[in-house]
Every structure is written in C-alpha cells, then in structure tokens.
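A.B. asks: Have a peek at protein_24.cif (mmCIF, C-alpha atoms).
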data_start
loop_
_atom_site.group_PDB
_atom_site.id
_atom_site.type_symbol
_atom_site.label_atom_id
_atom_site.label_comp_id
_atom_site.auth_asym_id
_atom_site.auth_seq_id
_atom_site.Cartn_x
_atom_site.Cartn_y
_atom_site.Cartn_z
ATOM 1 C CA MET Z 1 -4.802 -144.716 -62.567
ATOM 2 C CA ARG Z 2 -3.787 -148.350 -62.185
ATOM 3 C CA TYR Z 3 -0.264 -147.798 -63.428
ATOM 4 C CA PHE Z 4 3.200 -147.582 -61.885
ATOM 5 C CA PRO Z 5 6.521 -146.121 -63.201
ATOM 6 C CA GLU Z 6 8.792 -148.818 -64.622
ATOM 7 C CA ALA Z 7 12.357 -148.119 -65.729
ATOM 8 C CA VAL Z 8 13.007 -149.014 -69.362
ATOM 9 C CA ALA Z 9 16.516 -147.524 -69.750
ATOM 10 C CA TYR Z 10 19.160 -146.338 -67.292
ATOM 11 C CA TYR Z 11 22.833 -145.614 -67.774
ATOM 12 C CA TYR Z 12 25.886 -143.599 -66.772
ATOM 13 C CA LYS Z 13 27.702 -141.809 -69.592
ATOM 14 C CA LEU Z 14 30.726 -139.520 -69.821
ATOM 15 C CA TRP Z 15 30.020 -137.188 -72.726
ATOM 16 C CA HIS Z 16 32.792 -135.337 -74.520
ATOM 17 C CA GLU Z 17 32.122 -133.031 -77.456
ATOM 18 C CA PHE Z 18 28.683 -134.124 -78.623
ATOM 19 C CA GLU Z 19 25.476 -132.862 -80.218
ATOM 20 C CA MET Z 20 22.504 -135.196 -80.087
ATOM 21 C CA ASP Z 21 19.825 -135.136 -82.779
ATOM 22 C CA LEU Z 22 16.536 -133.579 -81.768
ATOM 23 C CA HIS Z 23 14.275 -136.487 -80.757
ATOM 24 C CA ASP Z 24 11.419 -137.574 -78.544
ATOM 25 C CA HIS Z 25 10.216 -140.868 -77.046
ATOM 26 C CA PRO Z 26 7.221 -142.237 -75.124
ATOM 27 C CA ALA Z 27 9.241 -142.605 -71.924
ATOM 28 C CA MET Z 28 9.657 -139.830 -69.373
ATOM 29 C CA GLU Z 29 13.313 -139.052 -68.733
ATOM 30 C CA ILE Z 30 15.507 -137.791 -65.902
ATOM 31 C CA MET Z 31 18.935 -136.484 -66.938
ATOM 32 C CA TYR Z 32 21.222 -135.817 -63.948
ATOM 33 C CA VAL Z 33 24.560 -133.985 -64.226
ATOM 34 C CA ILE Z 34 27.113 -135.684 -61.963
ATOM 35 C CA LYS Z 35 30.130 -133.710 -63.152
ATOM 36 C CA GLY Z 36 30.813 -130.912 -65.620
ATOM 37 C CA LYS Z 37 28.142 -129.035 -67.535
ATOM 38 C CA CYS Z 38 25.982 -129.339 -70.617
ATOM 39 C CA GLN Z 39 23.045 -127.824 -72.457
ATOM 40 C CA ILE Z 40 19.634 -129.223 -73.317
ATOM 41 C CA GLU Z 41 17.683 -127.876 -76.261
ATOM 42 C CA ILE Z 42 13.984 -128.174 -75.452
ATOM 43 C CA ASP Z 43 10.861 -126.147 -76.313
ATOM 44 C CA ASN Z 44 12.911 -124.064 -78.771
ATOM 45 C CA ARG Z 45 15.256 -122.813 -76.077
ATOM 46 C CA ILE Z 46 18.684 -123.749 -74.692
ATOM 47 C CA VAL Z 47 18.795 -124.758 -71.018
ATOM 48 C CA ASP Z 48 22.179 -124.686 -69.231
ATOM 49 C CA MET Z 49 22.879 -127.453 -66.724
ATOM 50 C CA ARG Z 50 25.776 -128.038 -64.354
ATOM 51 C CA LYS Z 51 26.812 -130.425 -61.567
ATOM 52 C CA GLY Z 52 23.982 -131.113 -59.108
ATOM 53 C CA GLN Z 53 21.225 -130.126 -61.515
ATOM 54 C CA TYR Z 54 18.847 -132.426 -63.329
ATOM 55 C CA ILE Z 55 16.014 -132.134 -65.788
ATOM 56 C CA TRP Z 56 12.685 -133.987 -65.778
ATOM 57 C CA ILE Z 57 11.416 -134.315 -69.357
ATOM 58 C CA GLN Z 58 7.825 -135.253 -70.083
ATOM 59 C CA SER Z 59 7.071 -138.030 -72.594
ATOM 60 C CA ASN Z 60 6.955 -137.158 -76.310
ATOM 61 C CA VAL Z 61 8.736 -133.816 -75.835
ATOM 62 C CA LYS Z 62 11.464 -133.100 -78.395
ATOM 63 C CA HIS Z 63 14.875 -132.449 -76.865
ATOM 64 C CA ARG Z 64 18.593 -132.926 -77.456
ATOM 65 C CA LEU Z 65 21.827 -132.908 -75.463
ATOM 66 C CA ILE Z 66 24.716 -130.566 -76.299
ATOM 67 C CA VAL Z 67 28.178 -130.989 -74.726
ATOM 68 C CA HIS Z 68 31.024 -128.652 -75.677
ATOM 69 C CA LYS Z 69 34.602 -129.823 -76.210
ATOM 70 C CA GLU Z 70 36.067 -127.716 -73.398
ATOM 71 C CA ALA Z 71 33.577 -128.980 -70.793
ATOM 72 C CA PRO Z 72 32.985 -132.766 -70.687
ATOM 73 C CA CYS Z 73 29.922 -133.918 -68.787
ATOM 74 C CA ARG Z 74 29.168 -137.105 -66.849
ATOM 75 C CA MET Z 75 25.472 -137.891 -66.544
ATOM 76 C CA LEU Z 76 23.099 -140.465 -65.101
ATOM 77 C CA ASN Z 77 19.956 -141.009 -67.146
ATOM 78 C CA LEU Z 78 16.760 -142.820 -66.257
ATOM 79 C CA GLU Z 79 13.840 -143.357 -68.628
ATOM 80 C CA PHE Z 80 10.552 -144.847 -67.437
ATOM 81 C CA LEU Z 81 7.034 -145.612 -68.626
ATOM 82 C CA LEU Z 82 3.761 -145.928 -66.729
ATOM 83 C CA LYS Z 83 2.892 -149.616 -66.974
ATOM 84 C CA ASP Z 84 0.198 -151.854 -65.520
ATOM 85 C CA GLN Z 85 0.275 -151.814 -61.723
ATOM 86 C CA ALA Z 86 -0.375 -155.556 -61.339
ATOM 87 C CA ASP Z 87 3.269 -156.432 -60.577
ATOM 88 C CA HIS Z 88 3.740 -153.569 -58.101
ATOM 89 C CA TYR Z 89 2.602 -152.940 -54.556
ATOM 90 C CA THR Z 90 0.919 -149.617 -55.296
ATOM 91 C CA SER Z 91 -0.203 -147.461 -58.212
ATOM 92 C CA ILE Z 92 0.450 -143.943 -59.398
ATOM 93 C CA GLY Z 93 -3.223 -143.198 -58.692
ATOM 94 C CA GLU Z 94 -2.777 -144.122 -55.027
ATOM 95 C CA LEU Z 95 0.325 -141.918 -54.848
ATOM 96 C CA PHE Z 96 -1.689 -139.026 -56.305
ATOM 97 C CA HIS Z 97 -4.358 -139.655 -53.684
ATOM 98 C CA GLN Z 98 -1.772 -139.562 -50.874
ATOM 99 C CA ASN Z 99 0.087 -136.561 -52.331
ATOM 100 C CA PRO Z 100 -2.000 -134.607 -54.883
ATOM 101 C CA THR Z 101 0.915 -132.289 -55.760
ATOM 102 C CA LEU Z 102 2.622 -135.238 -57.520
ATOM 103 C CA LYS Z 103 0.086 -134.909 -60.357
ATOM 104 C CA TYR Z 104 1.858 -131.746 -61.480
ATOM 105 C CA LEU Z 105 4.995 -133.738 -62.383
ATOM 106 C CA PHE Z 106 3.001 -135.856 -64.811
ATOM 107 C CA ASP Z 107 0.928 -133.070 -66.343
ATOM 108 C CA GLU Z 108 1.524 -133.192 -70.110
ATOM 109 C CA ASN Z 109 1.353 -129.387 -70.258
ATOM 110 C CA ASN Z 110 4.547 -129.199 -68.181
ATOM 111 C CA HIS Z 111 7.109 -130.221 -70.778
ATOM 112 C CA TYR Z 112 10.066 -130.148 -68.386
ATOM 113 C CA PHE Z 113 11.365 -129.101 -64.986
ATOM 114 C CA LEU Z 114 14.957 -127.956 -64.425
ATOM 115 C CA LEU Z 115 15.745 -128.623 -60.768
ATOM 116 C CA LYS Z 116 18.630 -128.401 -58.295
ATOM 117 C CA ASP Z 117 19.394 -131.350 -56.052
ATOM 118 C CA ASP Z 118 20.449 -131.305 -52.395
ATOM 119 C CA GLU Z 119 21.953 -134.809 -52.887
ATOM 120 C CA ALA Z 120 18.811 -136.774 -51.926
ATOM 121 C CA VAL Z 121 17.760 -137.220 -55.567
ATOM 122 C CA TYR Z 122 21.197 -138.398 -56.684
ATOM 123 C CA TYR Z 123 21.601 -140.947 -53.887
ATOM 124 C CA THR Z 124 18.101 -142.315 -54.487
ATOM 125 C CA LEU Z 125 18.627 -142.413 -58.251
ATOM 126 C CA ARG Z 126 21.998 -144.132 -57.839
ATOM 127 C CA ASN Z 127 20.567 -146.769 -55.473
ATOM 128 C CA LEU Z 128 17.633 -147.338 -57.817
ATOM 129 C CA VAL Z 129 19.935 -147.935 -60.789
ATOM 130 C CA LEU Z 130 22.103 -150.296 -58.712
ATOM 131 C CA GLU Z 131 19.049 -152.368 -57.721
ATOM 132 C CA LEU Z 132 17.814 -152.384 -61.319
ATOM 133 C CA ASP Z 133 21.207 -153.756 -62.420
ATOM 134 C CA HIS Z 134 20.795 -156.632 -59.945
ATOM 135 C CA HIS Z 135 17.088 -157.074 -60.520
ATOM 136 C CA SER Z 136 15.516 -160.236 -59.141
ATOM 137 C CA PRO Z 137 12.106 -161.220 -57.722
ATOM 138 C CA HIS Z 138 13.563 -160.593 -54.278
ATOM 139 C CA ASN Z 139 14.287 -156.888 -54.745
ATOM 140 C CA GLN Z 140 11.211 -155.752 -56.697
ATOM 141 C CA LEU Z 141 9.653 -154.202 -53.589
ATOM 142 C CA LEU Z 142 12.883 -152.303 -52.894
ATOM 143 C CA ILE Z 143 12.967 -151.069 -56.511
ATOM 144 C CA ASP Z 144 9.360 -149.888 -56.253
ATOM 145 C CA ASN Z 145 10.056 -148.110 -52.969
ATOM 146 C CA LEU Z 146 13.120 -146.379 -54.410
ATOM 147 C CA MET Z 147 11.027 -145.241 -57.379
ATOM 148 C CA VAL Z 148 8.418 -143.778 -55.014
ATOM 149 C CA GLN Z 149 11.165 -142.049 -53.000
ATOM 150 C CA LEU Z 150 12.646 -140.636 -56.203
ATOM 151 C CA LEU Z 151 9.298 -139.145 -57.259
ATOM 152 C CA LEU Z 152 8.757 -137.630 -53.820
ATOM 153 C CA TRP Z 153 12.231 -136.060 -53.651
ATOM 154 C CA ILE Z 154 11.869 -134.632 -57.165
ATOM 155 C CA ASN Z 155 8.459 -133.243 -56.314
ATOM 156 C CA ARG Z 156 9.874 -131.631 -53.173
ATOM 157 C CA ASN Z 157 12.597 -129.945 -55.245
ATOM 158 C CA ARG Z 158 9.888 -128.708 -57.613
ATOM 159 C CA LEU Z 159 7.789 -127.293 -54.786
ATOM 160 C CA GLU Z 160 10.817 -125.516 -53.357
ATOM 161 C CA LEU Z 161 11.877 -124.029 -56.688
ATOM 162 C CA ASP Z 162 10.267 -120.602 -56.213
ATOM 163 C CA GLN Z 163 12.010 -120.009 -52.886
ATOM 164 C CA GLN Z 164 15.044 -122.087 -53.648
ATOM 165 C CA THR Z 165 17.870 -119.838 -52.429
ATOM 166 C CA ASP Z 166 16.644 -119.041 -48.917
ATOM 167 C CA ASN Z 167 15.073 -122.467 -48.547
ATOM 168 C CA PHE Z 168 18.359 -124.160 -49.459
ATOM 169 C CA HIS Z 169 20.187 -122.294 -46.683
ATOM 170 C CA ILE Z 170 17.458 -123.007 -44.129
ATOM 171 C CA LYS Z 171 17.498 -126.708 -45.013
ATOM 172 C CA LYS Z 172 21.267 -126.808 -44.423
ATOM 173 C CA ALA Z 173 20.780 -125.142 -41.035
ATOM 174 C CA LEU Z 174 17.944 -127.505 -40.075
ATOM 175 C CA THR Z 175 19.950 -130.560 -41.117
ATOM 176 C CA PHE Z 176 22.867 -129.407 -38.967
ATOM 177 C CA ILE Z 177 20.572 -128.840 -35.955
ATOM 178 C CA HIS Z 178 18.863 -132.233 -36.285
ATOM 179 C CA GLU Z 179 22.217 -134.013 -36.592
ATOM 180 C CA GLN Z 180 24.069 -132.059 -33.875
ATOM 181 C CA TYR Z 181 21.400 -131.289 -31.232
ATOM 182 C CA ASP Z 182 23.296 -133.408 -28.684
ATOM 183 C CA THR Z 183 26.251 -131.016 -28.879
ATOM 184 C CA GLU Z 184 26.698 -127.297 -28.284
ATOM 185 C CA ILE Z 185 25.296 -125.408 -31.284
ATOM 186 C CA LYS Z 186 26.181 -121.764 -31.843
ATOM 187 C CA VAL Z 187 24.570 -119.434 -34.347
ATOM 188 C CA GLY Z 188 28.073 -118.872 -35.699
ATOM 189 C CA ASP Z 189 28.271 -122.568 -36.598
ATOM 190 C CA LEU Z 190 25.083 -122.307 -38.655
ATOM 191 C CA ALA Z 191 26.240 -119.069 -40.293
ATOM 192 C CA ALA Z 192 29.497 -120.772 -41.283
ATOM 193 C CA ILE Z 193 27.881 -123.794 -42.962
ATOM 194 C CA THR Z 194 25.294 -121.658 -44.786
ATOM 195 C CA HIS Z 195 27.842 -118.942 -45.716
ATOM 196 C CA LEU Z 196 25.390 -116.273 -44.524
ATOM 197 C CA HIS Z 197 25.777 -113.356 -42.141
ATOM 198 C CA PRO Z 198 24.283 -114.356 -38.746
ATOM 199 C CA SER Z 199 21.761 -111.517 -38.758
ATOM 200 C CA TYR Z 200 20.492 -112.435 -42.236
ATOM 201 C CA LEU Z 201 20.260 -116.107 -41.260
ATOM 202 C CA HIS Z 202 18.288 -115.087 -38.151
ATOM 203 C CA ARG Z 203 15.881 -113.080 -40.285
ATOM 204 C CA ILE Z 204 15.100 -115.698 -42.955
ATOM 205 C CA PHE Z 205 14.947 -118.448 -40.314
ATOM 206 C CA LYS Z 206 12.352 -116.585 -38.262
ATOM 207 C CA THR Z 207 10.354 -115.671 -41.383
ATOM 208 C CA SER Z 208 10.272 -119.294 -42.487
ATOM 209 C CA LEU Z 209 9.681 -121.044 -39.154
ATOM 210 C CA GLN Z 210 8.048 -118.310 -37.071
ATOM 211 C CA MET Z 211 10.607 -118.790 -34.298
ATOM 212 C CA THR Z 212 14.205 -117.850 -33.611
ATOM 213 C CA ILE Z 213 17.118 -120.222 -34.163
ATOM 214 C CA ASN Z 214 17.611 -120.759 -30.425
ATOM 215 C CA GLN Z 215 13.900 -121.377 -29.910
ATOM 216 C CA TYR Z 216 13.992 -124.003 -32.633
ATOM 217 C CA ILE Z 217 17.075 -125.710 -31.157
ATOM 218 C CA THR Z 218 15.352 -125.839 -27.755
ATOM 219 C CA LYS Z 219 12.205 -127.262 -29.345
ATOM 220 C CA VAL Z 220 14.167 -130.015 -31.098
ATOM 221 C CA ARG Z 221 15.955 -130.908 -27.858
ATOM 222 C CA LEU Z 222 12.765 -130.999 -25.790
ATOM 223 C CA ASP Z 223 10.924 -133.041 -28.430
ATOM 224 C CA LYS Z 224 13.778 -135.577 -28.315
ATOM 225 C CA ALA Z 225 13.651 -135.573 -24.509
ATOM 226 C CA LYS Z 226 9.903 -136.308 -24.527
ATOM 227 C CA MET Z 227 10.432 -139.221 -26.887
ATOM 228 C CA LEU Z 228 13.289 -140.631 -24.787
ATOM 229 C CA LEU Z 229 11.331 -140.260 -21.549
ATOM 230 C CA VAL Z 230 8.295 -142.126 -22.884
ATOM 231 C CA ASN Z 231 9.928 -144.771 -25.076
ATOM 232 C CA THR Z 232 13.227 -145.665 -23.371
ATOM 233 C CA GLU Z 233 14.563 -146.606 -19.950
ATOM 234 C CA ILE Z 234 17.334 -143.985 -19.961
ATOM 235 C CA PRO Z 235 17.520 -142.509 -16.434
ATOM 236 C CA VAL Z 236 16.009 -139.042 -16.149
ATOM 237 C CA THR Z 237 19.300 -137.691 -14.818
ATOM 238 C CA GLU Z 238 21.065 -138.759 -18.042
ATOM 239 C CA ILE Z 239 18.539 -137.439 -20.578
ATOM 240 C CA SER Z 240 20.184 -134.004 -20.619
ATOM 241 C CA ASN Z 241 23.403 -135.584 -21.953
ATOM 242 C CA TYR Z 242 21.469 -137.081 -24.875
ATOM 243 C CA ILE Z 243 20.034 -133.747 -25.999
ATOM 244 C CA GLY Z 244 22.951 -131.362 -25.545
ATOM 245 C CA VAL Z 245 21.819 -129.561 -22.382
ATOM 246 C CA ASN Z 246 24.684 -128.848 -19.990
ATOM 247 C CA THR Z 247 23.144 -129.947 -16.676
ATOM 248 C CA SER Z 248 20.188 -132.037 -15.545
ATOM 249 C CA GLN Z 249 19.037 -129.103 -13.383
ATOM 250 C CA TYR Z 250 18.859 -126.742 -16.361
ATOM 251 C CA PHE Z 251 17.156 -129.463 -18.399
ATOM 252 C CA SER Z 252 14.514 -129.906 -15.691
ATOM 253 C CA SER Z 253 13.919 -126.156 -15.627
ATOM 254 C CA LEU Z 254 13.512 -125.957 -19.419
ATOM 255 C CA PHE Z 255 11.293 -129.026 -19.486
ATOM 256 C CA LYS Z 256 8.950 -127.823 -16.752
ATOM 257 C CA LYS Z 257 8.629 -124.416 -18.388
ATOM 258 C CA ASP Z 258 7.607 -126.104 -21.639
ATOM 259 C CA THR Z 259 5.309 -128.848 -20.336
ATOM 260 C CA GLY Z 260 4.269 -127.790 -16.836
ATOM 261 C CA ARG Z 261 5.680 -131.095 -15.524
ATOM 262 C CA SER Z 262 9.046 -132.292 -14.317
ATOM 263 C CA PRO Z 263 10.735 -134.910 -16.554
ATOM 264 C CA SER Z 264 9.956 -137.635 -13.969
ATOM 265 C CA ASP Z 265 6.284 -136.636 -13.744
ATOM 266 C CA TYR Z 266 6.073 -136.510 -17.550
ATOM 267 C CA ARG Z 267 7.460 -140.056 -17.867
ATOM 268 C CA GLU Z 268 5.125 -141.399 -15.213
ATOM 269 C CA HIS Z 269 2.068 -139.618 -16.614
ATOM 270 C CA PHE Z 270 2.475 -140.872 -20.186
ATOM 271 C CA ARG Z 271 3.403 -144.398 -19.162
ATOM 272 C CA GLN Z 272 0.178 -144.614 -17.162
ATOM 273 C CA ILE Z 273 -1.739 -143.426 -20.214
#
Could you show the structure in this file as structure tokens?
C.D. replies:
Amino acid sequence: MRYFPEAVAYYYKLWHEFEMDLHDHPAMEIMYVIKGKCQIEIDNRIVDMRKGQYIWIQSNVKHRLIVHKEAPCRMLNLEFLLKDQADHYTSIGELFHQNPTLKYLFDENNHYFLLKDDEAVYYTLRNLVLELDHHSPHNQLLIDNLMVQLLLWINRNRLELDQQTDNFHIKKALTFIHEQYDTEIKVGDLAAITHLHPSYLHRIFKTSLQMTINQYITKVRLDKAKMLLVNTEIPVTEISNYIGVNTSQYFSSLFKKDTGRSPSDYREHFRQI
C-alpha cells in the first residue's frame, strides 16, 4: 500500500449542550476527551466517554456526538485520509510490514475502538496538531514521524485493552522504576503510586514479568551498569552511585554474581571486543 495518513481536519472544541446529526465521512477520525464527558452514538449503540479516553472511528461509519448540558466536554479531533505516499518518507504498507498488528486498526470490519490513554497519545496528538498549525516544508518529516508515533501508541493501547487494568498498574510501576533506579526504591513506593496492596502488586508483577519486583529492579540497575561500563569513561568506583546501589563493594558483588566478571574485567573485556 503506497499510501500514508494525511491530516485533513484537526481542531480543539469546548462542547456545551449539543447533539450532532448522525453522519459519516471518508476520513478516519480520532476524538479525544481532554476534559468532561460525552457520548458517541455509533453502530446503533451509545458509547460513554470521559477524560483520558478517545475513540478511533473507521472511515464511512455513521456516528454522532452527544454532550449533555450538565457536563460540558472539551475535545481534540483529528481526521485523516490515506493519500499517495510520494510526499512522505514511508508508506502505510511499510509500517504494516514492520508491525503487522497495525493492520487491525485499518480493518474496515472494525468500525471503532474505544481506548484509554496513559498520556502518550494525547501528548503526541497535541504535538502533531501544533506542527500541522505551523506546517512548512521544513517540518514535514517531523509531522510524518509524529503521525507514525500516534499510530503506534494507539495500536499499543488497543493491544493492551483486554488486560488493561492490571497492565495499567504494571506500566506505572515500570515507569517509576525506570525513572528512579538511581535512588532507593521500596515496594511501598510502588504500591503507593499504583494504589494497590503490596502483595497484590507482587503477584501481578511476577505473573506479567516472570520475576519479582526486586529482581526486576536489580536487572534494570545491572543493565544500566553494563551500558555505562562499556560506553562511558565513568570510573568503576562511581558506577554504583549512578544506579542506586549503596556501595561499590555491594555493586561489585551483585555484578560478579550476574556476569561472572568484576565490573573492571567486564569493561576491559568488551572494549577489547
């Protein structure tokens, strides 16, 4: 498929009491709820939407927006068509080749997807609309890349839909670990940000990743240490400070248990390679 998604309409809108006529259009549409709540009538059913949710609507599918007087709704909408790929750096066919699961988003039999965002979709969508507003020959590549990112984030949300609740909590825990590995991390910290009991968090974490929380934290820290040893000039004695391990002696012990080499030997071995 030598086509690429091109935006044809995009806008922010604060809706008060409103009932849209049932309609369809050739463009695919993303309707994102920034604030408040609304309803979408589609496929002869009413779909409730609230802040942080969005709906992907396939082309030529009849739908309408309903906003009640007592609950105004601010939305960001994007409509796009698949157009000739000539002016773009890649094609939708190449994206399907790289990630076959993307095809499911564009399957005409799937009239819509109602999805929950973890903020990645909104930030990408917002940046895309901003670049479209300032469109010039100099930012076309950035626009195309943001469109690809948007499709990939939406597809990830779709893939996670069936296990959304537990997966959402695990993603929050993983994000915290990957952002805070250089500090002391307690299971209580992760339980607090996920609003789960520590024992339940332990259980779903191990089921999902086949390792305990502490094993995962250690793995992240040692993976970072390996990268720093091979690709930087940071002294071996200081690496422990970069990965949240209390002492260089304990770091050396952990590292040798994992790799069979001391940090110094590891650095020397891989630099020779």
A.B. asks: Carefully work through the PyMOL selection byres ((chain Z and resi 7-15) around 7) for this structure and note down the residues it includes, as a ChimeraX atom specification.
C.D. replies: /Z:5-6,16-18,67,72-81,129
A.B. asks: Which neighbours of Leu159 of chain Z fall inside 12 Å, counting only C-alpha atoms, when residues of the same chain fewer than 5 positions from it are skipped, and could you give them as a ChimeraX atom specification?
C.D. replies: /Z:101-102,104-105,113,115-116,152-154,164,167
A.B. asks: Quick one: which residues end up in the PyMOL selection byres ((chain Z and resi 258) around 12) for this structure, as a PyMOL selection string?
C.D. replies: chain Z and resi 215+218-219+221-223+225-226+251-257+259-263+266
A.B. asks: Convert the current residue selection to file output with C-alpha atoms, as a PDB file, in the coordinates of the input.
C.D. replies:
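In the end it all went to part.pdb:
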ATOM      1  CA  GLN Z 215      13.900-121.377 -29.910  1.00  0.00           C
ATOM      2  CA  THR Z 218      15.352-125.839 -27.755  1.00  0.00           C
ATOM      3  CA  LYS Z 219      12.205-127.262 -29.345  1.00  0.00           C
ATOM      4  CA  ARG Z 221      15.955-130.908 -27.858  1.00  0.00           C
ATOM      5  CA  LEU Z 222      12.765-130.999 -25.790  1.00  0.00           C
ATOM      6  CA  ASP Z 223      10.924-133.041 -28.430  1.00  0.00           C
ATOM      7  CA  ALA Z 225      13.651-135.573 -24.509  1.00  0.00           C
ATOM      8  CA  LYS Z 226       9.903-136.308 -24.527  1.00  0.00           C
ATOM      9  CA  PHE Z 251      17.156-129.463 -18.399  1.00  0.00           C
ATOM     10  CA  SER Z 252      14.514-129.906 -15.691  1.00  0.00           C
ATOM     11  CA  SER Z 253      13.919-126.156 -15.627  1.00  0.00           C
ATOM     12  CA  LEU Z 254      13.512-125.957 -19.419  1.00  0.00           C
ATOM     13  CA  PHE Z 255      11.293-129.026 -19.486  1.00  0.00           C
ATOM     14  CA  LYS Z 256       8.950-127.823 -16.752  1.00  0.00           C
ATOM     15  CA  LYS Z 257       8.629-124.416 -18.388  1.00  0.00           C
ATOM     16  CA  THR Z 259       5.309-128.848 -20.336  1.00  0.00           C
ATOM     17  CA  GLY Z 260       4.269-127.790 -16.836  1.00  0.00           C
ATOM     18  CA  ARG Z 261       5.680-131.095 -15.524  1.00  0.00           C
ATOM     19  CA  SER Z 262       9.046-132.292 -14.317  1.00  0.00           C
ATOM     20  CA  PRO Z 263      10.735-134.910 -16.554  1.00  0.00           C
ATOM     21  CA  TYR Z 266       6.073-136.510 -17.550  1.00  0.00           C
TER      22      TYR Z 266
END
A.B. asks: Can you list, as a compact mmCIF listing (two decimals) with C-alpha atoms, keeping the file's coordinate frame, the residues that the PyMOL selection byres ((chain Z and resi 48) around 12) selects here?
C.D. replies:
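part20.txt, freshly written:
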# COMPACT_ATOMS: atom_id res chain seq x y z
CA VAL Z 33 24.56 -133.99 -64.23
CA GLY Z 36 30.81 -130.91 -65.62
CA LYS Z 37 28.14 -129.04 -67.54
CA CYS Z 38 25.98 -129.34 -70.62
CA GLN Z 39 23.04 -127.82 -72.46
CA ILE Z 40 19.63 -129.22 -73.32
CA GLU Z 41 17.68 -127.88 -76.26
CA ILE Z 42 13.98 -128.17 -75.45
CA ARG Z 45 15.26 -122.81 -76.08
CA ILE Z 46 18.68 -123.75 -74.69
CA VAL Z 47 18.80 -124.76 -71.02
CA MET Z 49 22.88 -127.45 -66.72
CA ARG Z 50 25.78 -128.04 -64.35
CA LYS Z 51 26.81 -130.43 -61.57
CA GLN Z 53 21.22 -130.13 -61.52
CA TYR Z 54 18.85 -132.43 -63.33
CA ILE Z 55 16.01 -132.13 -65.79
CA LEU Z 65 21.83 -132.91 -75.46
CA ILE Z 66 24.72 -130.57 -76.30
CA VAL Z 67 28.18 -130.99 -74.73
CA HIS Z 68 31.02 -128.65 -75.68
CA LEU Z 114 14.96 -127.96 -64.42
CA LEU Z 115 15.74 -128.62 -60.77
A.B. asks: Enclose the full set of atoms of segment 73-77 of chain Z listed in the file within a box whose edges lie along x, y and z, apply 3 Å of padding to each of the six sides, and report centre and edge lengths in Å to one decimal as AutoDock Vina command-line options.
C.D. replies:
--center_x 24.9 --center_y -137.5 --center_z -66.9 --size_x 16.0 --size_y 13.1 --size_z 9.7
A.B. asks: Pick the closest to Lys206 of chain Z from Z:Asp166, Z:Glu268, Z:Glu184, Z:Asp189: which is it, counting only C-alpha atoms?
C.D. replies: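 Closest to Lys206 of chain Z, using only C-alpha atoms: Z:Asp166.
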A.B. asks: Give me, please, the distance in Å between atom CA of Asn99 of chain Z and atom CA of Asn155 of chain Z, quoted to one decimal.
C.D. replies: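 Separation between atom CA of Asn99 of chain Z and atom CA of Asn155 of chain Z: 9.8 Å.
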A.B. asks: Just to confirm, what's the straight-line distance from atom CA of Phe168 of chain Z to atom CA of Asp118 of chain Z in Å (one decimal)?
C.D. replies: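 Atom-to-atom, atom CA of Phe168 of chain Z and atom CA of Asp118 of chain Z are spaced 8.0 Å apart.
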A.B. asks: Go ahead and compute the interatomic distance for atom CA of Gly188 of chain Z and atom CA of Gln210 of chain Z, in Å to one decimal.
C.D. replies: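 Computing it gives 20.1 Å between the two atoms.
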A.B. asks: Near segment 194-201 of chain Z, counting only C-alpha atoms, which residues have an atom at most 12 Å away, once you skip same-chain residues fewer than 3 positions from it, shown as a PyMOL selection string?
C.D. replies: chain Z and resi 165-176+186-191+204-209+212-213
A.B. asks: I'd like to know which of Z:Tyr242, Z:Trp56, Z:Tyr3, Z:Tyr123 is closest to Val220 of chain Z, using all atoms listed in the file.
C.D. replies: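 For Val220 of chain Z, the nearest of the given residues is Z:Tyr242.
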A.B. asks: May I have the residues within 9 Å of Asp24 of chain Z as a compact mmCIF listing (two decimals) with C-alpha atoms, keeping the file's coordinate frame, using all atoms listed in the file and disregarding those fewer than 4 positions away in the same chain?
C.D. replies:
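Produced file selection22.txt, reproduced below:
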# COMPACT_ATOMS: atom_id res chain seq x y z
CA SER Z 59 7.07 -138.03 -72.59
CA ASN Z 60 6.96 -137.16 -76.31
CA VAL Z 61 8.74 -133.82 -75.83
CA LYS Z 62 11.46 -133.10 -78.40
CA HIS Z 63 14.88 -132.45 -76.86
CA ARG Z 64 18.59 -132.93 -77.46
A.B. asks: Given only C-alpha atoms as the basis, pick out the residue of Z:Met1, Z:Ile193, Z:Leu146, Z:Leu161 nearest to Phe96 of chain Z.
C.D. replies: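 The answer is Z:Met1, which sits nearest to Phe96 of chain Z.
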A.B. asks: I want to know what sits within 9 Å of Val236 of chain Z, based on all atoms listed in the file, with residues of the same chain fewer than 6 positions away left out; could you give that as a list in words?
C.D. replies: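 Counting only the stated atoms, we get Leu229, Ser248, Pro263, Ser264 and Arg267 of chain Z.
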A.B. asks: Please produce a file of the residues just selected, as a compact mmCIF listing (two decimals), in the coordinates of the input, where the atoms kept are C-alpha atoms.
C.D. replies:
# COMPACT_ATOMS: atom_id res chain seq x y z
CA LEU Z 229 11.33 -140.26 -21.55
CA SER Z 248 20.19 -132.04 -15.54
CA PRO Z 263 10.74 -134.91 -16.55
CA SER Z 264 9.96 -137.64 -13.97
CA ARG Z 267 7.46 -140.06 -17.87
A.B. asks: When distances are computed from all atoms listed in the file, which of Z:Met211, Z:Leu151, Z:Ile234, Z:Ala120 shows the smallest separation from Ile92 of chain Z?
C.D. replies: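 So, comparing all the options, the nearest one is Z:Leu151.
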